[in-house]
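Below is one structure, written out as structure tokens; comments come after it.
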Amino acid sequence: MTELRTLVLVLGDQLDLDAAAFDGFDPAQDAVWMAEVAEESEHVWSGKPRIAIFLSAMRHFALALQEAGRPLHYTALDSEGNPGRLDAQLTADLQRLRPRQLVMTAPGDWRVLQQMKSVAAAQGLPLEIREDRHFFVTVREFAAHARQRRGLRMEYFYREQRRRHQVLMAPDTDPPQPLGGQWNFDSDNRESFGAQGPGFVPERVTVPPDAITQAVIDLVNQRFADHPGALDRFAWPVTRAQALEALTRFIEDRLPMFGRYQDAMWPGEPWLYHAHLSAALNLKLLNPREVVAAAEAAYHRGHAPLPSVEGFIRQILGWREYVRGVYWTQMPAYADRNALNAQEDLPAWYWTGETDLACLRDALTQTLTHGYAHHIQRLMVTGLYALLLGVRPQQVHAWYLAVYVDAVEWVELPNTLGMSQYADGGVMGSKPYIATGKYIQRMSPHCEGCRYDPGQRVGERACPFTTLYWDFLMRHESLLAQHPRMALQVKNLGRLSERDRQAVAERAAEIRRGEVGGRTEAQPAPNTGEVSHA
Ligand code: FAD
Ligand code: SF4
């Protein structure tokens with residue numbers, strides 16, 4: 001056997017034949033390394049859809065590598081002797097293959113980066129970590145942007161990216177102006193469906209399991225039987241061709257209405273006008289540049305209105321790039337932050353969906369069934385409840401990282417710990433996103449079918465969101481009173497008498513004891529706990 005020059009390490013979320021790690025790849029001297037290990041499904045108690053999408057996409061990518069003529073060393077989850085850990089599998093393979101050097105694209109997870117570096121060091125091998133070209137902005141560029149600003153606000157970062165990449169910009173303007181004369185059409189994008197509901201919603205792309213995916217489904221059902229979620233409706237794109245088809249269908253069928261109903265919810269309707277492209281993007285089956293370009297082209301050919309297109313592009317060119325920058329400039333200390341000193345446990349029913357809060361039951365059930373919920377469900381239903389309850393952010397993080405098909409730590413952690421739980425004290429979000437049940441009532445008809453009443457603060461029928469909202473204000477009154485954008489909400493506390501406050505605190509205590517909301521006997525699995533990098 002000829003000596004192996006370079007072993008290119010490819011992780012489960014790096015499924016891109018054009019990644020920087022392949023620059024200069026010579027099949028005569030180089031090879032690719034991939035491994036499926038149980039650790040990646042067990043370090044948080046991953047839901048079955050999340051495990052299946054990673055394994056199936058990896059196996060399909062292995063085929064694409066072979067078709068491209070790139071030699072591959074691939075360890076399957078059920079291969080004999082698989083030690084179940086990434087570092088142990090890599091160590092064993094390095095000792096066997098003896099490459100001269102290792103190359104990889106920068107991982108999306110701080111924990112994995114440390115593992116890869118320490119294996120390479122222990123084996124005395126050089127490890128070259130290359131830029132992840134998938135993103136518009138490098139971490140170094142983001143850090144430079146952050147240094148110029150006192151606070152890290154997404155909006156300024158986003159405008160800078162629009163100018164820099166010439167996205168949705170008016171032609172021939174000095175200084176550069178955004179198309180339509182405004183940067184942000186968020187205020188046009190907050191409609192709910194009327195009483196008649198969403199009506200006909202174009203079908204999302206569903207991919208029936210092929211033989212590879214079916215084998216993965218069988219394996220996951222057998223090996224991870226006690227993990228949350230189900231696979232009987234698994235239909236996610238797992239190849240680049242399928243992801244491109246999903247992109248086309250989104251642009252043609254749903255983008256025109258995306259903006260308008262971006263925040264709306266409807267019981268039993270998980271998909272609505274969203275893109276469902278986050279998993280394909282995060283696995284690197286799609287490149288964000290092609291997604292942004294397709295949306296912009298749809299505007300220019302008169303297919304979709306500017307508020308929809310701008311709203312969609314902001315999520316990708318703005319939020320997605322921004323959270324990555326936050327993650328890599330703040331880690332590892334970021335993962336342990338708990339600015340509000342939240343110490344409650346996550347209710348066990350987050351892992352089963354068995355709750356009598358109608359909005360939460362719907363969001364949790366679809367999450368466990370499909371590994372998907374849209375942004376407002378994550379932020380203003382599951383996330384809001386955990387925030388108001390005062391759950392330890394590291395437990396909330398472990399849950400979000402486990403249950404969604406698009407969950408990779410660089411994107412999940414800042415969204416959860418920062419945007420949703422305000423545990424970073426305001427790095428990501430300018431204020432805690434808090435609301436009573438009336439917000440959910442405005443954006444969906446969930447409350448009509450619920451045993452609770454969003455208008456009631458205390459009493460048997462009081463909506464737990466509403467009780468906990470007032471309790472949250474009371475618990476953090478002195479901190480929030482100093483916050484310019486929270487002062488008005490805090491001022492409303494002045495309307496409560498001492499007796500009202502006591503009643504709120506008592507009802508909130510009942511909710512925390514598990515006397516309201518759902519079955520408390522549902523036991524979380526052994527490792528549903530917390531993720532920490534300390
Ligand atoms: P759409 O609503 O159609 O949006 C289009 C695309 O924009 C998405 O595909 C996604 O790539 C990007 N996007 C939208 N919002 C964000 C955002 N806030 N941050 C980064 N990218 C964004 N997104 C993930 O990709 N992985 C996660 O693990 C994840 N965890 C989250 C946890 C919480 C608590 C919250 C509040 C949000 C989280 N998000 C996460 C962001 C967002 O909810 C999802 O990207 C989105 O719901 C995916 O569905 P979609 O593809 O239909 O998105
Ligand atoms: Fe959710 Fe409260 Fe409305 Fe019930 S009443 S659906 S718990 S917001």
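All residue names refer to the structure tokens as shown: chains lettered A, B, ... in order, residues numbered from 1 in each chain, ligands numbered from 1 in order.
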### Task
Using only C-alpha atoms and all ligand atoms, find each protein or nucleic acid residue lying at most 6 Å from ligand 2; present the set as a list in words.
Leu357, Ala358, Cys359, Gly437, Ile440, Gln441, His446, Cys447, Cys450, Tyr452, Asp453, Pro454, Cys463, Pro464 and Phe465 of chain A
Keeping only C-alpha atoms, write the selected residues to a file as a PDB file, in the first residue's frame.
ATOM      1  CA  LEU A 357     -51.267  23.186  27.836  1.00  0.00           C
ATOM      2  CA  ALA A 358     -52.693  23.036  24.297  1.00  0.00           C
ATOM      3  CA  CYS A 359     -50.076  25.221  22.599  1.00  0.00           C
ATOM      4  CA  GLY A 437     -50.595  33.641  27.032  1.00  0.00           C
ATOM      5  CA  ILE A 440     -50.133  32.943  21.796  1.00  0.00           C
ATOM      6  CA  GLN A 441     -53.846  33.680  21.636  1.00  0.00           C
ATOM      7  CA  HIS A 446     -54.675  27.244  20.450  1.00  0.00           C
ATOM      8  CA  CYS A 447     -56.332  28.876  23.445  1.00  0.00           C
ATOM      9  CA  CYS A 450     -57.320  24.726  25.927  1.00  0.00           C
ATOM     10  CA  TYR A 452     -56.698  27.362  30.514  1.00  0.00           C
ATOM     11  CA  ASP A 453     -57.582  30.990  29.873  1.00  0.00           C
ATOM     12  CA  PRO A 454     -54.838  33.353  28.726  1.00  0.00           C
ATOM     13  CA  CYS A 463     -53.028  30.179  31.826  1.00  0.00           C
ATOM     14  CA  PRO A 464     -49.623  29.081  33.168  1.00  0.00           C
ATOM     15  CA  PHE A 465     -47.886  31.406  30.691  1.00  0.00           C
TER      16      PHE A 465
END
### Query
What lies within 9 Å of stretch 414-416 of chain A using only C-alpha atoms, ignoring chain neighbours under 3 positions off, as JSON, numbers by chain?
{"A": [323, 324, 326, 327, 334, 335, 378, 379, 383, 393, 396, 397, 400, 409, 410, 411, 419, 420, 421, 422, 423, 424, 428]}
### Task
In Å, rounded to a single decimal, give me how far atom CA of A:Asp109 is from atom CA of A:Asp13.
9.8 Å
### Query
Quick one: residues within 12 Å of A:Ala293, only C-alpha atoms counted, chain neighbours fewer than 3 positions away excluded, as an MDAnalysis selection string?
chainID A and resid 165:168 247:248 251 287:290 296:300 309:310 312:313 316:317
Contact check, stretch 277-312 of chain A to stretch 96-108 of chain A, at most 12 Å, counting only C-alpha atoms, closest pairs as a tab-separated table:
residue	atom	partner	partner_atom	distance
A:Asn282	CA	A:Gly108	CA	9.1
A:Leu283	CA	A:Gly108	CA	10.1
A:Lys284	CA	A:Gly108	CA	11.0
